[in-house]
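Read through the structure below, which is laid out as structure tokens, and then see the notes.
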Amino acid sequence: SLRPYLDRWVQRPSWKECYKSDSIYSAPSMMQACATVTKMAPDACRQGKDFVKVLARIRGLDSAYRCAAGLDDKCAFHGHAPAPEGPLVPGYPRAAVMASRASYGNGDELDGSAPRGPLMPDCSYSHRLGLLFYEAGIPFETYLIDTRDKAPWFLEQFPAGTTPAIQGTPGGWVHNDEWVGGFDEIVARAKEQSMGFAAVANDDGQHKTRVVCLLCRSLATGLLASRFAETKVEDGKKVLHGMMGMGGVNVMPGEAGSELRDRMVKLALDSFAEIEQLLSDLDDDFIGGDRPNMADAHMATMLYWALNMIEFGLCGIPQAPCSVEDVGAPSIRTYLERWTKRPSWKECYKTSSLYNSATVTVYAYRFSKMAPDVANDPRFLPMPAVCERARRADPYYRTAVGLDKPVTGGPIFEGHLFGQQPAPEGQVISGVPRKAVLSYRASYGTGDILDGDAPLGPIMPYCPYCHRLGLMLSESGVPFEAYLIDQSDKPPWFLESFPAGTTPSMQWPDVLGTDEWVGGFDNLVKIYGEKIPKFASVANDHGQYKVDHVGALGTTVAMATYAAIFTNSELDSAKNMMGALMGMGSIAKIEGETGAQTRERLILLIQDSFKELESLISKLNGPFVGGKSPNMADAYLATMLFWAHNALECGLMPLPQAPCSLKDMGAPSLRPYLDRWVQRPSWKECYKSDSIYSAPSMMQACATVTKMAPDACRQGKDFVKVLARIRGLDSAYRCAAGLDDKCAFHGHAPAPEGPLVPGYPRAAVMASRASYGNGDELDGSAPRGPLMPDCSYSHRLGLLFYEAGIPFETYLIDTRDKAPWFLEQFPAGTTPAIQGTPGGWVHNDEWVGGFDEIVARAKEQSMGFAAVANDDGQHKTRVVCLLCRSLATGLLASRFAETKVEDGKKVLHGMMGMGGVNVMPGEAGSELRDRMVKLALDSFAEIEQLLSDLDDDFIGGDRPNMADAHMATMLYWALNMIEFGLCGIPQAPCSVEDVGAPSIRTYLERWTKRPSWKECYKTSSLYNSATVTVYAYRFSKMAPDVANDPRFLPMPAVCERARRADPYYRTAVGLDKPVTGGPIFEGHLFGQQPAPEGQVISGVPRKAVLSYRASYGTGDILDGDAPLGPIMPYCPYCHRLGLMLSESGVPFEAYLIDQSDKPPWFLESFPAGTTPSMQWPDVLGTDEWVGGFDNLVKIYGEKIPKFASVANDHGQYKVDHVGALGTTVAMATYAAIFTNSELDSAKNMMGALMGMGSIAKIEGETGAQTRERLILLIQDSFKELESLISKLNGPFVGGKSPNMADAYLATMLFWAHNALECGLMPLPQAPCSLKDMGAPSLRPYLD
């Protein structure tokens, strides 16, 4: 009886609302339990290995996880929405909603190369009805009906096939289950059947629904008919006349198409004007007052549609594509943004964005079919361009199909920051300060007037003052960590840490005397000049020209350029900005001067300044004002001149010659001066680019002008060509955005350019890809990955350079396909190789190789390097090297000991020689393998002893030394070998903890927090799939007879396992669910739960729910090969409260709190961090979050009659009986898993669980005895539950609908049913069903 009982629950909308799933299985619940046992009782489950099959089974059963993770091609994303199942529930109707896809992936004219998107609702009438239902607190089930391919089950059940259609009440028939259609008819019935619906669907607002409808229809008619007025196609004319009839517009016989078009344009613009007047005069947020009514539902749905039509150019008004602001109706956006903050909007539209590419595409599709003669009229934006523009702007589509750079595995993609800058971790490292730099993107990928069709670019530094400080620090040899602060979206952690929010700002306790961030360019320069001699030696003013002269000239050019753009504006905001810029450039303001006169004066000033700069720079005695190397005057000049050069080249500078070059301006010496700067490592360190162009700098300027002086640039339209030009020139943007197939991600690293700079060597580093995308045995279907450094010797050298504060340029040399330029310049082709000093030759520019030789030269040439590469630590480098070599030999030779292939034997003997291991004549392969396994495990034991006995964080003390560099690079390699099974020890694939060496992970994690590690390895992850794959490739070639030995993990599986665990690779190729456009994907939460926005909406509380994933996609023992799953609610106590609220008709916003990674905003708002917790000022009397299940139930029972009517104990059985039985089953199950453990953590957890289940503890009872007692208790409880549920007088304990006893029972029984079906429940029968346990009534109850 228990399964049927559960089945009855699962079919209720309250269940789906709380569990976010209609599956009778929950993989996240079981995953959380397995993770807890693995953490607290690892000895009871073989460190989680006992759960591998358990989790595979439950993931296979959980349809919600399979669909969300892309494992099921039958779910709604891929095909039709499934047909409804089970009986209708009164008060919970089903709604059919017409939907379409932003692209069907067909490659036709409209789809182009756009990938197939999810079904998205596109019918305004359906949206209208949905908003009214949600606002009335009426839950309903949505079935998306594909406009182009209606589901057969829907046409069979409702032959009319129109939407909205309703099955059930309110809205449908009371006495039968047939679908019924017609918006007006559904609304009329819903008003009769539901007082709540009638209260929302009222017509008592400031304006009548009839007036709003007439206005909206006129607008819709004008927008579409203006586009299709001149069609000659009969089908097109029918559509046109239909539109006109809808809007009450007469067809005038003999009227020419062009005349009709003019009439329709006027109708649209007049309608916009009337709607603007209506909205701007509202007394409250909505026509209905503080909450929407029927008129609002009509207004919102039509305005949302209209906004999309004009923004993307699917109408015939001459302004389009344009914004509502461009047509004089800014209140439309404000009004719609109020709507998007309401839960009803997000539920109906599946997004809080104002852009819906599916709606645009479905109209483009229809009109391309019906009026092809005007669909691509050259006077308008062509239909394919309309669709592509809409898809680019729609964050839901972009996220769903992976067009945005994914940031699930971290916001860094190919070395660029695409997501928001993460907060710093831990303390500032001594000698390595943190520096906040104001930044921007070349494109935000929104499709607005400035972004156009340009894809999303990374966040890149642009602020000249930040660069100025950074250049002087870098030239002084001071390493620093840069934190890129997006001007348009400053990270909350930065504003909390430094409320002023200005840049440059720095955190440097050693020098600034405080842990706080300190800002102000002049302030920082003054402090550093006084306290840091190296900085003072660069930030001097002893060069050929003074900073007040040459530096000021650069500032004048830049500020005069920027200010001149504002002179055409009449707005106060523009005038204020212009005045500020002129002040920064020391440019006088002249009283009474007109804008045109100021512009003319500024243009002359720019031209004169260029001439004077040319005169000065052309006469330099060296490459820089400071002589052979730059000084303060250079830093001041270069940063402003770089900005001005970009403005000149792209046409932003308001000179008659622009766009043009500095040479065209009569200043040919200035570009070579900048080129000299750009080639310096300090420049690349500060600008994160080696391009002479910066699209983000120009984008920021254009965005500022558009915001503050829209009348001076036609709302940004004047900048379209400017930005297109600079984006085309900026190679860093083009490569990062995937527009250039010649950059290093796709092919070879480019050859070095320009002369070497002393003190800034170039380093060649061997690299490989986690997959070459060849589809061979090792790559399989894995997409091509980025080049990643894989050479331990190169890493070792890089760590020493970075720790010594020596900047260098890295050139990644593909192991399988070495760059021709590298082989030409260095025929040996080995790495590490160095060009320049320290490390290379002093008197020539030839590349030199050999780790030991490079280190010896670098010690002689650099005191800083010698200080780091010391051997004065707790253990000698020689000892560490011997240990590491023994470990490496044991790991690899144990895998290949039995090879019979000659090439394999050579490799094997080479490994053994490296590790100082003798080859014993006549030794059998199996004997050698045993010897190598022992060598590896003994080496792990010795290394564990060495690391666990360290007196400080590193062998070298509080900072790493040479021995640490050797130890870290080899242990990182070894960790990857054993984790992914590329070795022959019997434990593999396994963790370092499994081989008794937990200190290895701790030691490596200390390293990963150091900037040197992130710079060398390009990631802070401990997993590197490129390293694994390159070894798998080599050994598959050289020892194929043992490469896929069935006793070990096959090589393809090794590689795939490594790729799954490597966040850098997964992020780079888009395997993780992207969250740039928001963490929601196909209705599921894949990223961390965003913080609530704004105030709690009256009547709609917020509820925090403890949650977990079915798989975290890490490739560890519990995740295995399972892909990343969404964050899903699992906590029975949270569900229990949610079910009672939902059954009471109380809508709420759920915030899913990942137990393994609770969002900082939640812990800040509610430090207890417990769930369930709620924010409901109306009822709880405070804006704070309030927790405690019993506490909340008590308050709601006293204050909310509807809740009290559900949370009653008047059913057939009392909650203390039937609810307690459910809790006993679940808690006894969970506790029994811990009984085999001897750890205190497990015993404490077991005791807590037994307490929660009211299960007695017996003094002196052994673990085995407790387990046996718990198993009997579970079996007895199932029998008793079956006896009770099979005798119910109705479907629920509460009768026809659930009560408190049901909510208590169902949530625990659901968990227990999952544990039973997947085999987590420690019964001899498991895995099995409730029916197998003699409880056939329970599954129907849950259903």
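Simple scheme: letters A, B, ... for chains in structure tokens order, numbers from 1 for residues in each chain, numbers from 1 for ligands in the order shown.
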Next on the checklist: At a cut-off of 12 Å, using only C-alpha atoms, what residues contact A:Glu853? Leave out same-chain residues fewer than 3 positions from it and give the result as a list of chain:residue names.
Outcome noted: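 The filter keeps A:Leu797, A:Pro832, A:Ala833, A:Ile834, A:Pro838, A:Gly839, A:Gly840, A:Trp841, A:Val848, A:Gly849, A:Gly850, A:Ala856, A:Arg857, A:Ala858, A:Lys859, A:Glu860.
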Can you write just those residues out, C-alpha atoms, as a PDB file, in the first residue's frame?
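The result, written out as part06.pdb:
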```
ATOM      1  CA  LEU A 797      60.844  26.361 -13.478  1.00  0.00           C
ATOM      2  CA  PRO A 832      61.640  24.044 -20.723  1.00  0.00           C
ATOM      3  CA  ALA A 833      63.526  26.373 -23.017  1.00  0.00           C
ATOM      4  CA  ILE A 834      64.388  29.987 -22.279  1.00  0.00           C
ATOM      5  CA  PRO A 838      67.557  35.368 -16.257  1.00  0.00           C
ATOM      6  CA  GLY A 839      68.042  31.770 -17.322  1.00  0.00           C
ATOM      7  CA  GLY A 840      69.256  32.217 -20.913  1.00  0.00           C
ATOM      8  CA  TRP A 841      72.281  33.763 -22.575  1.00  0.00           C
ATOM      9  CA  VAL A 848      68.514  27.404 -24.565  1.00  0.00           C
ATOM     10  CA  GLY A 849      67.171  24.244 -22.916  1.00  0.00           C
ATOM     11  CA  GLY A 850      67.795  21.959 -19.949  1.00  0.00           C
ATOM     12  CA  ALA A 856      72.169  27.444 -12.685  1.00  0.00           C
ATOM     13  CA  ARG A 857      72.304  30.473 -15.014  1.00  0.00           C
ATOM     14  CA  ALA A 858      69.238  32.077 -13.422  1.00  0.00           C
ATOM     15  CA  LYS A 859      70.858  31.835  -9.979  1.00  0.00           C
ATOM     16  CA  GLU A 860      73.933  33.631 -11.270  1.00  0.00           C
TER      17      GLU A 860
END
```
Next on the checklist: What parts of stretch 575-664 of chain A does DSSP call helix (DSSP H, G or I)? I'd like the answer as an MDAnalysis selection string.
Outcome noted: chainID A and resid 575:584 595:617 632:650
Emit the selected residues as a compact mmCIF listing (two decimals), in the first residue's frame, including N, CA and C atoms.
```
# COMPACT_ATOMS: atom_id res chain seq x y z
N LYS A 575 26.64 67.84 -19.53
CA LYS A 575 27.43 69.05 -19.24
C LYS A 575 28.30 68.85 -18.00
N ASN A 576 27.74 68.19 -17.00
CA ASN A 576 28.52 67.93 -15.80
C ASN A 576 29.70 67.01 -16.10
N MET A 577 29.45 65.99 -16.91
CA MET A 577 30.52 65.05 -17.26
C MET A 577 31.60 65.77 -18.06
N MET A 578 31.18 66.59 -19.01
CA MET A 578 32.14 67.33 -19.83
C MET A 578 33.03 68.22 -18.95
N GLY A 579 32.41 68.89 -17.99
CA GLY A 579 33.17 69.74 -17.09
C GLY A 579 34.18 68.96 -16.27
N ALA A 580 33.76 67.78 -15.79
CA ALA A 580 34.67 66.94 -15.00
C ALA A 580 35.86 66.48 -15.83
N LEU A 581 35.61 66.07 -17.06
CA LEU A 581 36.69 65.60 -17.94
C LEU A 581 37.67 66.72 -18.26
N MET A 582 37.13 67.90 -18.52
CA MET A 582 38.01 69.04 -18.82
C MET A 582 38.86 69.39 -17.59
N GLY A 583 38.27 69.26 -16.41
CA GLY A 583 39.04 69.51 -15.20
C GLY A 583 40.17 68.50 -15.03
N MET A 584 39.89 67.22 -15.33
CA MET A 584 40.93 66.19 -15.22
C MET A 584 42.05 66.42 -16.23
N GLY A 595 28.33 75.01 -27.00
CA GLY A 595 28.84 73.66 -27.17
C GLY A 595 29.69 73.53 -28.42
N ALA A 596 29.23 74.14 -29.51
CA ALA A 596 29.97 74.06 -30.78
C ALA A 596 31.33 74.73 -30.66
N GLN A 597 31.37 75.87 -29.96
CA GLN A 597 32.65 76.58 -29.79
C GLN A 597 33.61 75.77 -28.92
N THR A 598 33.07 75.14 -27.86
CA THR A 598 33.93 74.30 -27.00
C THR A 598 34.49 73.13 -27.80
N ARG A 599 33.64 72.52 -28.63
CA ARG A 599 34.07 71.37 -29.44
C ARG A 599 35.22 71.79 -30.37
N GLU A 600 35.07 72.92 -31.01
CA GLU A 600 36.10 73.40 -31.94
C GLU A 600 37.41 73.66 -31.20
N ARG A 601 37.30 74.25 -29.98
CA ARG A 601 38.51 74.52 -29.20
C ARG A 601 39.21 73.23 -28.77
N LEU A 602 38.41 72.25 -28.40
CA LEU A 602 38.98 70.97 -27.97
C LEU A 602 39.66 70.25 -29.13
N ILE A 603 39.07 70.32 -30.31
CA ILE A 603 39.67 69.68 -31.49
C ILE A 603 41.04 70.29 -31.79
N LEU A 604 41.12 71.63 -31.73
CA LEU A 604 42.40 72.31 -31.97
C LEU A 604 43.43 71.90 -30.90
N LEU A 605 42.96 71.77 -29.65
CA LEU A 605 43.84 71.38 -28.55
C LEU A 605 44.41 69.97 -28.78
N ILE A 606 43.56 69.05 -29.24
CA ILE A 606 44.00 67.67 -29.53
C ILE A 606 45.09 67.69 -30.61
N GLN A 607 44.81 68.44 -31.68
CA GLN A 607 45.77 68.49 -32.80
C GLN A 607 47.11 69.09 -32.36
N ASP A 608 47.04 70.18 -31.59
CA ASP A 608 48.27 70.82 -31.11
C ASP A 608 49.05 69.90 -30.16
N SER A 609 48.31 69.16 -29.33
CA SER A 609 48.97 68.26 -28.37
C SER A 609 49.67 67.12 -29.10
N PHE A 610 49.07 66.60 -30.14
CA PHE A 610 49.71 65.54 -30.93
C PHE A 610 51.02 66.07 -31.54
N LYS A 611 50.97 67.28 -32.05
CA LYS A 611 52.17 67.87 -32.65
C LYS A 611 53.28 68.00 -31.61
N GLU A 612 52.93 68.50 -30.43
CA GLU A 612 53.94 68.70 -29.40
C GLU A 612 54.51 67.36 -28.92
N LEU A 613 53.63 66.36 -28.78
CA LEU A 613 54.10 65.03 -28.37
C LEU A 613 55.05 64.44 -29.41
N GLU A 614 54.72 64.61 -30.68
CA GLU A 614 55.59 64.10 -31.75
C GLU A 614 56.97 64.76 -31.66
N SER A 615 56.96 66.07 -31.40
CA SER A 615 58.23 66.80 -31.30
C SER A 615 59.08 66.25 -30.16
N LEU A 616 58.44 65.87 -29.04
CA LEU A 616 59.18 65.38 -27.88
C LEU A 616 59.65 63.92 -28.06
N ILE A 617 58.74 63.04 -28.47
CA ILE A 617 59.04 61.60 -28.54
C ILE A 617 60.03 61.31 -29.66
N MET A 632 58.18 57.11 -14.31
CA MET A 632 56.84 57.60 -14.02
C MET A 632 56.23 58.37 -15.19
N ALA A 633 57.03 59.23 -15.82
CA ALA A 633 56.51 60.01 -16.95
C ALA A 633 56.02 59.10 -18.06
N ASP A 634 56.73 58.00 -18.30
CA ASP A 634 56.31 57.04 -19.32
C ASP A 634 54.97 56.39 -18.96
N ALA A 635 54.84 56.00 -17.70
CA ALA A 635 53.60 55.35 -17.27
C ALA A 635 52.41 56.29 -17.43
N TYR A 636 52.62 57.57 -17.07
CA TYR A 636 51.54 58.55 -17.21
C TYR A 636 51.19 58.77 -18.69
N LEU A 637 52.21 58.92 -19.51
CA LEU A 637 51.98 59.20 -20.93
C LEU A 637 51.35 58.00 -21.63
N ALA A 638 51.95 56.81 -21.45
CA ALA A 638 51.55 55.64 -22.24
C ALA A 638 50.09 55.28 -22.02
N THR A 639 49.61 55.32 -20.77
CA THR A 639 48.25 54.87 -20.49
C THR A 639 47.22 55.78 -21.16
N MET A 640 47.46 57.08 -21.16
CA MET A 640 46.52 58.00 -21.80
C MET A 640 46.67 58.01 -23.32
N LEU A 641 47.91 57.91 -23.78
CA LEU A 641 48.14 57.90 -25.23
C LEU A 641 47.53 56.63 -25.86
N PHE A 642 47.62 55.52 -25.15
CA PHE A 642 47.02 54.27 -25.64
C PHE A 642 45.51 54.45 -25.83
N TRP A 643 44.85 55.05 -24.83
CA TRP A 643 43.41 55.29 -24.94
C TRP A 643 43.11 56.20 -26.14
N ALA A 644 43.87 57.28 -26.26
CA ALA A 644 43.62 58.24 -27.35
C ALA A 644 43.88 57.60 -28.72
N HIS A 645 44.93 56.77 -28.81
CA HIS A 645 45.24 56.08 -30.08
C HIS A 645 44.07 55.19 -30.49
N ASN A 646 43.46 54.48 -29.51
CA ASN A 646 42.30 53.64 -29.82
C ASN A 646 41.11 54.48 -30.30
N ALA A 647 40.88 55.60 -29.61
CA ALA A 647 39.77 56.47 -30.00
C ALA A 647 39.97 57.04 -31.40
N LEU A 648 41.21 57.32 -31.75
CA LEU A 648 41.53 57.84 -33.08
C LEU A 648 41.32 56.78 -34.16
N GLU A 649 41.82 55.57 -33.90
CA GLU A 649 41.78 54.51 -34.91
C GLU A 649 40.37 54.01 -35.19
N CYS A 650 39.49 54.05 -34.17
CA CYS A 650 38.14 53.52 -34.38
C CYS A 650 37.13 54.59 -34.74
```
Checklist entry - Using only C-alpha atoms, which residues sit within 10 Å of A:Trp1311 once same-chain residues fewer than 6 positions away are excluded, as a PyMOL selection string? => result chain A and resi 24-26+29-30+1130-1132+1222-1223+1225-1227+1229
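Non-sequential neighbours of A:Pro827 (distance at most 12 Å, separation of 3 or more positions within a chain, only C-alpha atoms) are A:Lys818, A:Ala819, A:Pro820, A:Trp821, A:Phe822, A:Leu823, A:Glu824, A:Thr830, A:Thr831, A:Ala833, A:Glu846, A:Trp847, A:Val848, A:Gly849.
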Could the residues in this selection be saved with N, CA, C and O atoms as a PDB file, in the first residue's frame?
```pdb
ATOM      1  N   LYS A 818      54.441  20.482 -32.722  1.00  0.00           N
ATOM      2  CA  LYS A 818      55.258  21.618 -32.309  1.00  0.00           C
ATOM      3  C   LYS A 818      55.239  22.719 -33.367  1.00  0.00           C
ATOM      4  O   LYS A 818      55.329  22.440 -34.562  1.00  0.00           O
ATOM      5  N   ALA A 819      55.131  23.940 -32.885  1.00  0.00           N
ATOM      6  CA  ALA A 819      55.029  25.092 -33.794  1.00  0.00           C
ATOM      7  C   ALA A 819      56.283  25.188 -34.671  1.00  0.00           C
ATOM      8  O   ALA A 819      57.405  25.110 -34.160  1.00  0.00           O
ATOM      9  N   PRO A 820      56.113  25.372 -35.990  1.00  0.00           N
ATOM     10  CA  PRO A 820      57.282  25.471 -36.888  1.00  0.00           C
ATOM     11  C   PRO A 820      58.269  26.548 -36.461  1.00  0.00           C
ATOM     12  O   PRO A 820      59.477  26.361 -36.538  1.00  0.00           O
ATOM     13  N   TRP A 821      57.738  27.695 -35.997  1.00  0.00           N
ATOM     14  CA  TRP A 821      58.653  28.777 -35.596  1.00  0.00           C
ATOM     15  C   TRP A 821      59.568  28.330 -34.446  1.00  0.00           C
ATOM     16  O   TRP A 821      60.723  28.730 -34.368  1.00  0.00           O
ATOM     17  N   PHE A 822      59.027  27.483 -33.520  1.00  0.00           N
ATOM     18  CA  PHE A 822      59.819  27.039 -32.381  1.00  0.00           C
ATOM     19  C   PHE A 822      60.922  26.081 -32.836  1.00  0.00           C
ATOM     20  O   PHE A 822      62.088  26.205 -32.431  1.00  0.00           O
ATOM     21  N   LEU A 823      60.590  25.140 -33.708  1.00  0.00           N
ATOM     22  CA  LEU A 823      61.591  24.180 -34.200  1.00  0.00           C
ATOM     23  C   LEU A 823      62.646  24.881 -35.049  1.00  0.00           C
ATOM     24  O   LEU A 823      63.809  24.489 -35.061  1.00  0.00           O
ATOM     25  N   GLU A 824      62.228  25.935 -35.717  1.00  0.00           N
ATOM     26  CA  GLU A 824      63.180  26.690 -36.547  1.00  0.00           C
ATOM     27  C   GLU A 824      64.162  27.456 -35.651  1.00  0.00           C
ATOM     28  O   GLU A 824      65.370  27.475 -35.892  1.00  0.00           O
ATOM     29  N   THR A 830      62.985  20.793 -27.237  1.00  0.00           N
ATOM     30  CA  THR A 830      62.652  20.337 -25.882  1.00  0.00           C
ATOM     31  C   THR A 830      62.217  21.511 -25.013  1.00  0.00           C
ATOM     32  O   THR A 830      62.494  22.676 -25.326  1.00  0.00           O
ATOM     33  N   THR A 831      61.555  21.175 -23.912  1.00  0.00           N
ATOM     34  CA  THR A 831      61.185  22.212 -22.941  1.00  0.00           C
ATOM     35  C   THR A 831      61.473  21.681 -21.541  1.00  0.00           C
ATOM     36  O   THR A 831      61.506  20.463 -21.347  1.00  0.00           O
ATOM     37  N   ALA A 833      62.491  25.643 -22.289  1.00  0.00           N
ATOM     38  CA  ALA A 833      63.526  26.373 -23.017  1.00  0.00           C
ATOM     39  C   ALA A 833      63.323  27.854 -22.720  1.00  0.00           C
ATOM     40  O   ALA A 833      62.197  28.304 -22.542  1.00  0.00           O
ATOM     41  N   GLU A 846      69.468  33.539 -28.499  1.00  0.00           N
ATOM     42  CA  GLU A 846      69.134  32.160 -28.836  1.00  0.00           C
ATOM     43  C   GLU A 846      68.379  31.482 -27.687  1.00  0.00           C
ATOM     44  O   GLU A 846      68.591  31.781 -26.520  1.00  0.00           O
ATOM     45  N   TRP A 847      67.489  30.554 -28.061  1.00  0.00           N
ATOM     46  CA  TRP A 847      66.817  29.729 -27.068  1.00  0.00           C
ATOM     47  C   TRP A 847      67.815  28.726 -26.494  1.00  0.00           C
ATOM     48  O   TRP A 847      68.674  28.218 -27.208  1.00  0.00           O
ATOM     49  N   VAL A 848      67.683  28.422 -25.196  1.00  0.00           N
ATOM     50  CA  VAL A 848      68.514  27.404 -24.565  1.00  0.00           C
ATOM     51  C   VAL A 848      67.619  26.503 -23.735  1.00  0.00           C
ATOM     52  O   VAL A 848      66.588  26.949 -23.202  1.00  0.00           O
ATOM     53  N   GLY A 849      67.991  25.214 -23.629  1.00  0.00           N
ATOM     54  CA  GLY A 849      67.171  24.244 -22.916  1.00  0.00           C
ATOM     55  C   GLY A 849      67.880  23.640 -21.729  1.00  0.00           C
ATOM     56  O   GLY A 849      69.004  24.016 -21.387  1.00  0.00           O
TER      57      GLY A 849
END
```
Next on the checklist: I'd like the contact shell of A:Cys1134 - 10 Å cut-off, only C-alpha atoms, skipping same-chain residues fewer than 5 positions apart - returned as a list in words.
Outcome noted: Cys18, Tyr19, Lys1103, Ala1104, Val1105, Leu1106, Ser1107, Pro1129, Leu1139, Thr1171, Pro1172, Ser1173, Gly1188, Phe1189 and Thr1307 of chain A
Item to check | Separation of atom CA of A:Val992 from atom CA of A:Asp951 in Å | outcome: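 Going from atom CA of A:Asp951 over to atom CA of A:Val992 covers 21.4 Å.
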Item to check | Near-A:Gly836 list (10 Å; only C-alpha atoms; drop same-chain fewer than 3 positions) as a ChimeraX atom specification | outcome: /A:755-763,808,839-848
Go ahead and write the selection's residues with N, CA, C and O atoms as a compact mmCIF listing (two decimals), in the first residue's frame.
```
# COMPACT_ATOMS: atom_id res chain seq x y z
N PRO A 755 61.83 42.88 -29.87
CA PRO A 755 63.09 42.54 -29.19
C PRO A 755 62.85 42.04 -27.77
O PRO A 755 61.83 42.34 -27.16
N LEU A 756 63.80 41.27 -27.27
CA LEU A 756 63.76 40.82 -25.88
C LEU A 756 63.99 41.99 -24.94
O LEU A 756 64.73 42.93 -25.26
N VAL A 757 63.37 41.92 -23.76
CA VAL A 757 63.57 42.93 -22.72
C VAL A 757 64.39 42.28 -21.60
O VAL A 757 63.98 41.23 -21.09
N PRO A 758 65.55 42.82 -21.24
CA PRO A 758 66.34 42.22 -20.15
C PRO A 758 65.49 42.08 -18.89
O PRO A 758 64.78 43.00 -18.50
N GLY A 759 65.59 40.93 -18.25
CA GLY A 759 64.83 40.70 -17.03
C GLY A 759 63.44 40.13 -17.26
O GLY A 759 62.71 39.85 -16.31
N TYR A 760 63.05 39.98 -18.55
CA TYR A 760 61.74 39.45 -18.90
C TYR A 760 61.92 38.34 -19.93
O TYR A 760 61.70 38.54 -21.13
N PRO A 761 62.36 37.16 -19.49
CA PRO A 761 62.64 36.10 -20.47
C PRO A 761 61.35 35.54 -21.08
O PRO A 761 60.24 35.78 -20.59
N ARG A 762 61.55 34.77 -22.15
CA ARG A 762 60.46 34.01 -22.77
C ARG A 762 60.67 32.54 -22.44
O ARG A 762 61.80 32.05 -22.52
N ALA A 763 59.62 31.86 -22.10
CA ALA A 763 59.73 30.45 -21.72
C ALA A 763 58.85 29.60 -22.62
O ALA A 763 57.65 29.90 -22.77
N PHE A 808 57.64 36.58 -16.90
CA PHE A 808 58.13 36.00 -18.15
C PHE A 808 56.94 35.70 -19.06
O PHE A 808 55.80 35.63 -18.61
N GLY A 839 68.23 33.15 -16.91
CA GLY A 839 68.04 31.77 -17.32
C GLY A 839 68.64 31.44 -18.66
O GLY A 839 69.07 30.31 -18.91
N GLY A 840 68.69 32.44 -19.59
CA GLY A 840 69.26 32.22 -20.91
C GLY A 840 70.59 32.89 -21.05
O GLY A 840 71.26 33.22 -20.06
N TRP A 841 71.00 33.10 -22.33
CA TRP A 841 72.28 33.76 -22.57
C TRP A 841 72.15 35.26 -22.38
O TRP A 841 71.12 35.86 -22.69
N VAL A 842 73.22 35.86 -21.94
CA VAL A 842 73.23 37.32 -21.72
C VAL A 842 73.45 38.06 -23.03
O VAL A 842 72.82 39.08 -23.30
N HIS A 843 74.34 37.53 -23.88
CA HIS A 843 74.80 38.32 -25.03
C HIS A 843 74.17 37.90 -26.36
O HIS A 843 74.53 38.43 -27.40
N ASN A 844 73.30 36.91 -26.38
CA ASN A 844 72.57 36.64 -27.63
C ASN A 844 71.15 36.17 -27.30
O ASN A 844 70.84 35.85 -26.15
N ASP A 845 70.33 36.15 -28.34
CA ASP A 845 68.91 35.89 -28.14
C ASP A 845 68.52 34.46 -28.48
O ASP A 845 67.35 34.18 -28.72
N GLU A 846 69.47 33.54 -28.50
CA GLU A 846 69.13 32.16 -28.84
C GLU A 846 68.38 31.48 -27.69
O GLU A 846 68.59 31.78 -26.52
N TRP A 847 67.49 30.55 -28.06
CA TRP A 847 66.82 29.73 -27.07
C TRP A 847 67.82 28.73 -26.49
O TRP A 847 68.67 28.22 -27.21
N VAL A 848 67.68 28.42 -25.20
CA VAL A 848 68.51 27.40 -24.57
C VAL A 848 67.62 26.50 -23.73
O VAL A 848 66.59 26.95 -23.20
```
Next on the checklist: Taking the DSSP secondary structure from the backbone, can you list the residues of stretch 136-262 of chain A that are strand (DSSP E or B), as a list in words?
Outcome noted: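 The strand (DSSP E or B) residues within stretch 136-262 of chain A come out as Glu141, Thr142, Tyr143, Leu144, Ile145, Asp146, Ala165, Ile166, Gln167, Val180 and Gly181 of chain A.
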Item to check | Surrounding residues of stretch 13-15 of chain A excluding itself and chain neighbours under 6 positions, 7 Å, only C-alpha atoms, as a list in words | outcome: Tyr92, Pro139, Leu1139, Ser1142 and Glu1143 of chain A
